[in-house]
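> What follows is protein.txt, compact mmCIF, C-alpha atoms.
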# COMPACT_ATOMS: atom_id res chain seq x y z
CA MET A 1 -51.08 -26.18 40.09
CA GLU A 2 -50.31 -27.16 43.67
CA LEU A 3 -46.73 -26.16 44.26
CA SER A 4 -45.28 -25.59 47.72
CA ASP A 5 -42.16 -23.80 48.81
CA ILE A 6 -39.74 -25.82 50.91
CA PRO A 7 -36.32 -24.74 52.21
CA GLY A 8 -34.08 -24.40 49.15
CA GLY A 9 -36.73 -25.28 46.62
CA TYR A 10 -40.16 -26.63 45.84
CA PHE A 11 -42.43 -29.58 46.58
CA LEU A 12 -44.48 -30.97 43.73
CA GLU A 13 -46.72 -34.00 43.38
CA LYS A 14 -47.95 -34.92 39.92
CA GLU A 15 -48.29 -37.78 37.47
CA GLU A 16 -44.85 -38.64 36.13
CA ASN A 17 -44.23 -38.63 32.37
CA SER A 18 -41.49 -40.48 30.48
CA LEU A 19 -39.12 -37.51 30.76
CA ASP A 20 -39.62 -37.29 34.53
CA ARG A 21 -38.84 -40.99 34.83
CA LEU A 22 -35.71 -40.67 32.69
CA VAL A 23 -34.47 -37.75 34.77
CA LEU A 24 -35.25 -39.45 38.09
CA ASP A 25 -33.48 -42.63 36.97
CA TYR A 26 -30.47 -40.74 35.70
CA VAL A 27 -30.01 -38.48 38.71
CA SER A 28 -30.35 -41.44 41.07
CA VAL A 29 -27.11 -42.76 39.53
CA LEU A 30 -25.44 -39.36 39.97
CA ASP A 31 -26.62 -39.25 43.58
CA GLY A 32 -25.35 -42.79 44.13
CA THR A 33 -21.88 -41.79 42.95
CA GLU A 34 -22.02 -38.43 44.77
CA VAL A 35 -21.78 -36.27 41.67
CA LYS A 36 -23.34 -32.83 42.02
CA TYR A 37 -25.56 -31.81 39.12
CA VAL A 38 -28.22 -29.39 38.00
CA VAL A 39 -30.90 -29.92 35.36
CA VAL A 40 -31.31 -26.86 33.16
CA SER A 41 -33.25 -25.52 30.19
CA GLY A 42 -36.44 -26.94 28.67
CA TYR A 43 -37.06 -29.74 31.14
CA VAL A 44 -37.36 -27.19 33.96
CA ALA A 45 -40.36 -25.67 32.19
CA ILE A 46 -41.77 -29.14 31.43
CA LEU A 47 -41.34 -30.25 35.05
CA PHE A 48 -43.45 -27.27 36.09
CA GLY A 49 -46.26 -28.03 33.69
CA ARG A 50 -45.31 -26.61 30.31
CA SER A 51 -47.39 -28.44 27.69
CA ARG A 52 -44.68 -29.72 25.42
CA SER A 53 -42.27 -32.60 25.31
CA SER A 54 -38.61 -32.85 24.42
CA GLU A 55 -36.17 -35.35 22.96
CA ASP A 56 -33.50 -34.41 25.45
CA VAL A 57 -32.86 -33.12 28.94
CA ASP A 58 -29.90 -30.82 29.56
CA LEU A 59 -27.86 -31.48 32.65
CA LEU A 60 -24.68 -29.91 34.00
CA MET A 61 -22.61 -32.02 36.33
CA GLU A 62 -19.72 -30.83 38.43
CA LYS A 63 -16.31 -31.24 36.83
CA ILE A 64 -15.03 -34.49 38.26
CA GLU A 65 -11.67 -36.23 38.05
CA ARG A 66 -11.12 -38.89 35.43
CA LYS A 67 -11.09 -41.69 38.02
CA LYS A 68 -14.41 -40.61 39.49
CA PHE A 69 -15.87 -40.29 36.01
CA PHE A 70 -14.92 -43.91 35.28
CA ARG A 71 -16.80 -44.95 38.43
CA LEU A 72 -19.81 -42.95 37.27
CA TRP A 73 -19.55 -44.47 33.78
CA GLU A 74 -19.57 -47.96 35.28
CA ALA A 75 -22.63 -47.14 37.42
CA LEU A 76 -24.43 -45.58 34.46
CA SER A 77 -23.68 -48.56 32.22
CA HIS A 78 -26.06 -50.77 34.20
CA ARG A 79 -29.06 -48.67 33.18
CA PHE A 80 -28.03 -46.41 30.31
CA GLU A 81 -25.98 -46.39 27.18
CA CYS A 82 -23.94 -43.52 25.87
CA LEU A 83 -24.97 -42.59 22.34
CA ASN A 84 -21.69 -40.84 21.49
CA THR A 85 -19.16 -43.51 22.38
CA ARG A 86 -18.72 -46.83 24.15
CA ASP A 87 -15.37 -45.81 25.57
CA ALA A 88 -15.16 -44.06 28.94
CA ALA A 89 -11.75 -42.48 28.26
CA GLU A 90 -12.97 -41.06 24.95
CA ALA A 91 -16.15 -39.80 26.61
CA TYR A 92 -14.10 -37.93 29.19
CA ASP A 93 -11.19 -36.72 27.06
CA GLU A 94 -12.87 -36.05 23.73
CA TYR A 95 -16.30 -34.90 24.84
CA LEU A 96 -16.61 -33.62 28.39
CA LEU A 97 -13.23 -31.86 28.50
CA TYR A 98 -14.01 -30.30 25.12
CA ASP A 99 -17.35 -28.88 26.23
CA THR A 100 -19.22 -31.32 24.00
CA ALA A 101 -22.26 -33.03 25.42
CA LEU A 102 -22.48 -36.73 26.10
CA ARG A 103 -25.89 -38.23 25.45
CA PHE A 104 -27.28 -41.09 27.49
CA SER A 105 -30.45 -43.05 26.82
CA TYR A 106 -32.00 -46.29 27.96
CA PRO A 107 -30.30 -49.23 26.18
CA GLY A 108 -31.53 -49.64 22.61
CA ARG A 109 -33.25 -46.26 22.66
CA PHE A 110 -32.27 -43.07 20.93
CA ILE A 111 -34.85 -40.77 22.44
CA PRO A 112 -35.39 -39.36 24.95
CA ASN A 113 -31.84 -38.81 26.13
CA MET A 114 -29.87 -36.96 28.78
CA GLU A 115 -27.48 -34.36 27.37
CA VAL A 116 -24.66 -34.00 29.86
CA LYS A 117 -21.84 -31.45 30.12
CA PHE A 118 -19.37 -30.02 32.60
CA PRO A 119 -19.97 -26.39 33.56
CA LYS A 120 -17.87 -24.25 31.25
CA LYS A 121 -19.25 -20.74 31.50
CA THR A 122 -19.38 -18.61 34.65
CA ILE A 123 -23.16 -18.71 34.51
CA ASP A 124 -23.05 -22.55 34.47
CA SER A 125 -20.97 -22.66 37.65
CA TRP A 126 -23.27 -20.16 39.36
CA THR A 127 -26.30 -22.21 38.34
CA LEU A 128 -24.78 -25.39 39.76
CA GLU A 129 -23.77 -23.64 42.97
CA ASN A 130 -27.24 -22.14 43.47
CA ARG A 131 -29.33 -25.07 42.25
CA LYS A 132 -32.85 -25.53 43.59
CA LYS A 133 -34.18 -28.68 45.11
CA VAL A 134 -37.44 -30.04 43.71
CA VAL A 135 -39.08 -32.81 45.69
CA LEU A 136 -41.11 -34.58 43.04
CA ASN A 137 -43.32 -37.36 44.37
CA LYS A 138 -40.91 -37.74 47.32
CA LYS A 139 -37.84 -38.00 45.05
CA THR A 140 -35.34 -35.20 44.54
CA ILE A 141 -34.24 -33.43 41.37
CA TYR A 142 -32.00 -30.35 41.43
CA VAL A 143 -32.87 -27.71 38.86
CA SER A 144 -31.64 -24.32 37.78
CA PRO A 145 -32.81 -21.30 39.81
CA ILE A 146 -35.81 -19.86 37.97
CA GLU A 147 -34.26 -16.38 38.29
CA VAL A 148 -31.51 -17.38 35.86
CA GLN A 149 -33.54 -19.82 33.78
CA ILE A 150 -36.02 -17.21 32.56
CA PRO A 151 -33.44 -14.66 31.29
CA PHE A 152 -31.25 -17.42 29.87
CA LYS A 153 -34.17 -18.76 27.83
CA LEU A 154 -34.76 -15.22 26.57
CA PHE A 155 -31.07 -15.02 25.64
CA LEU A 156 -31.36 -18.28 23.64
CA GLY A 157 -34.24 -16.60 21.90
CA SER A 158 -36.03 -19.21 19.77
CA GLU A 159 -39.84 -19.23 19.81
CA LYS A 160 -39.78 -22.34 22.00
CA ASP A 161 -37.31 -20.72 24.41
CA ILE A 162 -39.39 -17.56 24.75
CA GLU A 163 -42.50 -19.63 25.42
CA ASP A 164 -40.61 -21.61 28.07
CA ALA A 165 -39.47 -18.35 29.69
CA SER A 166 -42.99 -16.99 29.63
CA HIS A 167 -44.41 -20.17 31.16
CA LEU A 168 -41.86 -20.13 33.98
CA TYR A 169 -42.48 -16.44 34.64
CA GLU A 170 -46.26 -16.92 34.84
CA VAL A 171 -45.95 -19.93 37.16
CA PHE A 172 -43.27 -18.42 39.41
CA LYS A 173 -43.82 -14.65 39.35
CA GLN A 174 -45.10 -14.58 42.92
CA ARG A 175 -42.27 -16.79 44.21
CA ILE A 176 -39.08 -15.58 42.56
CA ASP A 177 -36.70 -12.73 43.28
CA ILE A 178 -37.71 -10.32 40.52
CA ALA A 179 -34.75 -7.98 41.09
CA LEU A 180 -32.35 -10.89 40.66
CA THR A 181 -34.18 -12.04 37.52
CA GLU A 182 -33.93 -8.51 36.10
CA ASP A 183 -30.26 -8.36 37.04
CA PHE A 184 -29.58 -11.53 35.06
CA ALA A 185 -31.63 -10.17 32.17
CA ARG A 186 -29.42 -7.07 32.14
CA ARG A 187 -26.22 -9.14 32.29
CA LEU A 188 -27.46 -11.29 29.42
CA GLY A 189 -28.49 -8.29 27.33
CA VAL A 190 -32.20 -9.21 27.29
CA GLU A 191 -33.69 -6.41 29.45
CA LYS A 192 -36.13 -5.42 26.71
CA GLU A 193 -37.37 -8.99 26.26
CA MET A 194 -37.69 -9.33 30.05
CA ARG A 195 -39.76 -6.17 30.32
CA ARG A 196 -42.05 -7.43 27.53
CA LEU A 197 -42.48 -10.73 29.37
CA MET A 198 -43.42 -8.99 32.60
CA GLN A 199 -46.11 -6.79 31.04
CA MET B 1 -29.19 -18.12 47.24
CA LYS B 2 -25.76 -16.54 46.77
CA LYS B 3 -26.05 -13.00 45.49
CA ASP B 4 -22.44 -12.69 44.28
CA LEU B 5 -23.46 -12.88 40.67
CA PRO B 6 -21.16 -14.18 37.95
CA GLU B 7 -19.33 -11.92 35.52
CA ILE B 8 -20.86 -12.72 32.14
CA ASP B 9 -18.77 -12.29 29.01
CA LEU B 10 -21.53 -11.71 26.47
CA LYS B 11 -19.20 -12.04 23.50
CA GLU B 12 -18.04 -15.42 24.77
CA LEU B 13 -21.62 -16.45 25.55
CA ARG B 14 -22.78 -15.55 22.02
CA LYS B 15 -19.94 -17.66 20.63
CA TRP B 16 -21.10 -20.51 22.87
CA LYS B 17 -24.68 -20.06 21.61
CA LYS B 18 -23.50 -20.41 18.02
CA ARG B 19 -21.37 -23.46 18.84
CA ASN B 20 -24.19 -25.03 20.86
CA PHE B 21 -26.60 -24.51 17.98
CA LYS B 22 -24.14 -26.15 15.58
CA GLU B 23 -23.70 -29.08 17.97
CA ARG B 24 -27.48 -29.49 18.29
CA MET B 25 -27.92 -29.35 14.53
CA GLY B 26 -25.30 -32.08 14.25
CA TRP B 27 -27.40 -34.08 16.64
CA VAL B 28 -30.59 -33.53 14.59
CA LYS B 29 -28.69 -34.88 11.58
CA ARG B 30 -27.49 -37.92 13.53
CA TYR B 31 -31.03 -38.57 14.78
CA ALA B 32 -32.37 -38.41 11.21
CA GLU B 33 -29.70 -40.89 10.09
CA TRP B 34 -30.73 -43.26 12.89
CA LEU B 35 -34.41 -42.75 11.99
CA LYS B 36 -33.87 -43.66 8.33
CA LYS B 37 -32.27 -46.99 9.18
CA THR B 38 -34.68 -47.90 12.00
CA PRO B 39 -37.96 -49.77 11.33
CA ASN B 40 -41.06 -47.56 11.58
CA LYS B 41 -42.43 -49.73 14.35
CA GLU B 42 -39.39 -49.03 16.51
CA TRP B 43 -38.82 -45.32 15.92
CA SER B 44 -42.53 -44.54 16.15
CA ARG B 45 -42.75 -46.43 19.46
CA GLN B 46 -39.98 -44.25 20.88
CA GLN B 47 -41.50 -41.11 19.40
CA LYS B 48 -44.93 -41.99 20.77
CA GLU B 49 -43.57 -42.19 24.30
CA ILE B 50 -42.26 -38.66 24.24
CA ILE B 51 -45.16 -37.15 22.29
CA ASP B 52 -48.00 -38.71 24.30
Kindly present the structure from the file in structure tokens form.

Amino acid sequence: MELSDIPGGYFLEKEENSLDRLVLDYVSVLDGTEVKYVVVSGYVAILFGRSRSSEDVDLLMEKIERKKFFRLWEALSHRFECLNTRDAAEAYDEYLLYDTALRFSYPGRFIPNMEVKFPKKTIDSWTLENRKKVVLNKKTIYVSPIEVQIPFKLFLGSEKDIEDASHLYEVFKQRIDIALTEDFARRLGVEKEMRRLMQ
Amino acid sequence: MKKDLPEIDLKELRKWKKRNFKERMGWVKRYAEWLKKTPNKEWSRQQKEIID
């Protein structure tokens, strides 16, 4: 894999798959409405070459005011449809404010979809604040720092999550801050799993 | 990268994990419902795009 470090992130050129295209399309709308976001979880491993696909891409966006959300909703409606509801007020009040994900897909499609939430936990806010820039084929996607993504996947703990964590560790072990990764592992109660991964 | 790391409430996070799992399972159920009422040609086209 040819992966270069750039200030604040990574530079990657590769053939885009349908998930990459979905993410790039979706985040271009967020960028257009100046909404800060970070893509987290499985797609981060897939972006960096993990050999699996996914039905959904998890994304945290900054908590925005109702009025700004309505502007975002309008911008999104030109290219996506929300699978949970057709009503912007309901989407904001009954989903986002209740820490329930909204799902967006291309019109008439069910999969793949973007699973979108406001940051709720302290670790979410930290992830958004410390997001990494990935320049993919000259376009930008912000993703979770690998140092938190690996231990968080171990915390989630399914077979798929552990494989994602292992993939990210193998690809990034020479580039990441290992002490910080271990610190997160300790905070998330997965030190043992982290040690096993690093062997 | 900021080194002021977040305080993590593990009890709260485990509760979130359980709730998140329940939410995702709800989604699997909703997807299956959609699948059952959607012609094979259509659902398999969508599936093919993410599998291939």
> Counting all atoms listed in the file, which residues from chain A have an atom at most 7 Å from any atom of chain B, and could you show them as a list of chain:residue names?
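Filtering chain A at 7 Å from chain B with all atoms listed in the file gives A:Ser18, A:Ser53, A:Ser54, A:Ile111, A:Pro112, A:Thr122, A:Ile123, A:Trp126, A:Asn130, A:Arg187, A:Leu188.
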> For the residues in that selection, give me C-alpha atoms as a JSON list (two decimals), in the frame of the given file.

[["chain", "number", "residue", "atom", "x", "y", "z"],
["A", 18, "SER", "CA", -41.49, -40.48, 30.48],
["A", 53, "SER", "CA", -42.27, -32.60, 25.31],
["A", 54, "SER", "CA", -38.61, -32.85, 24.42],
["A", 111, "ILE", "CA", -34.85, -40.77, 22.44],
["A", 112, "PRO", "CA", -35.39, -39.36, 24.95],
["A", 122, "THR", "CA", -19.38, -18.61, 34.65],
["A", 123, "ILE", "CA", -23.16, -18.71, 34.51],
["A", 126, "TRP", "CA", -23.27, -20.16, 39.36],
["A", 130, "ASN", "CA", -27.24, -22.14, 43.47],
["A", 187, "ARG", "CA", -26.22, -9.14, 32.29],
["A", 188, "LEU", "CA", -27.46, -11.29, 29.42]]
> Find the spatial neighbours of Glu65 in chain A, counting only C-alpha atoms, within a cut-off of 12 Å - ignore same-chain residues fewer than 5 positions away - and output them as a list in words.
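Near Glu65 in chain A, the qualifying residues are Val35, Phe70, Arg71, Leu72, Ala89, Tyr92, Asp93, Leu96, Leu97 and Phe118 of chain A.
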> Could you name the residues that touch Arg175 in chain A at 10 Å or less, counting all atoms listed in the file, but leaving out those on the same chain fewer than 2 positions away, as a list in words?
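After dropping sequence-adjacent residues, the list is Ser4, Asp5, Ile146, Glu147, Tyr169, Val171, Phe172, Lys173, Asp177 and Ile178 of chain A.
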> Quick one, how far is CA of Asn137 in chain A from CA of Glu16 in chain A?
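A separation of 8.5 Å between them.
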> Around all of range 77-86 of chain A's listed atoms, make the axis-aligned box with 6 Å on each side and tell me centre and edge lengths in Å to one decimal, as lines of an AutoDock Vina configuration file.

center_x = -23.9
center_y = -45.8
center_z = 27.8
size_x = 22.3
size_y = 21.9
size_z = 24.7
> Could you please determine the separation between CA of Lys15 in chain B and CA of Arg86 in chain A in Å, to one decimal place?
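Interatomic distance, CA of Lys15 in chain B to CA of Arg86 in chain A: 29.4 Å.
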> What is the CA of Thr100 in chain A to CA of Arg131 in chain A distance in Å?
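Computing the Euclidean distance for CA of Thr100 in chain A and CA of Arg131 in chain A yields 21.8 Å.
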> List as a ChimeraX atom specification the protein and nucleic acid residues near Tyr37 in chain A, meaning an atom at most 12 Å away when all atoms listed in the file are counted, but skip any in the same chain fewer than 2 places from it.
/A:23,26-31,33-35,39-40,58-64,116-119,124-133,140-144
> I'd like the neighbourhood of Pro107 in chain A as a count of residues only, where a residue qualifies if any of its atoms comes within 10 Å (using all atoms listed in the file), though same-chain residues fewer than 3 positions away should be ignored.
9
> For a quick check of understanding, using all atoms listed in the file, which of A:Met114, A:Leu154, A:Leu102, A:Ile162 has the smallest distance to Arg21 in chain A?
A:Met114
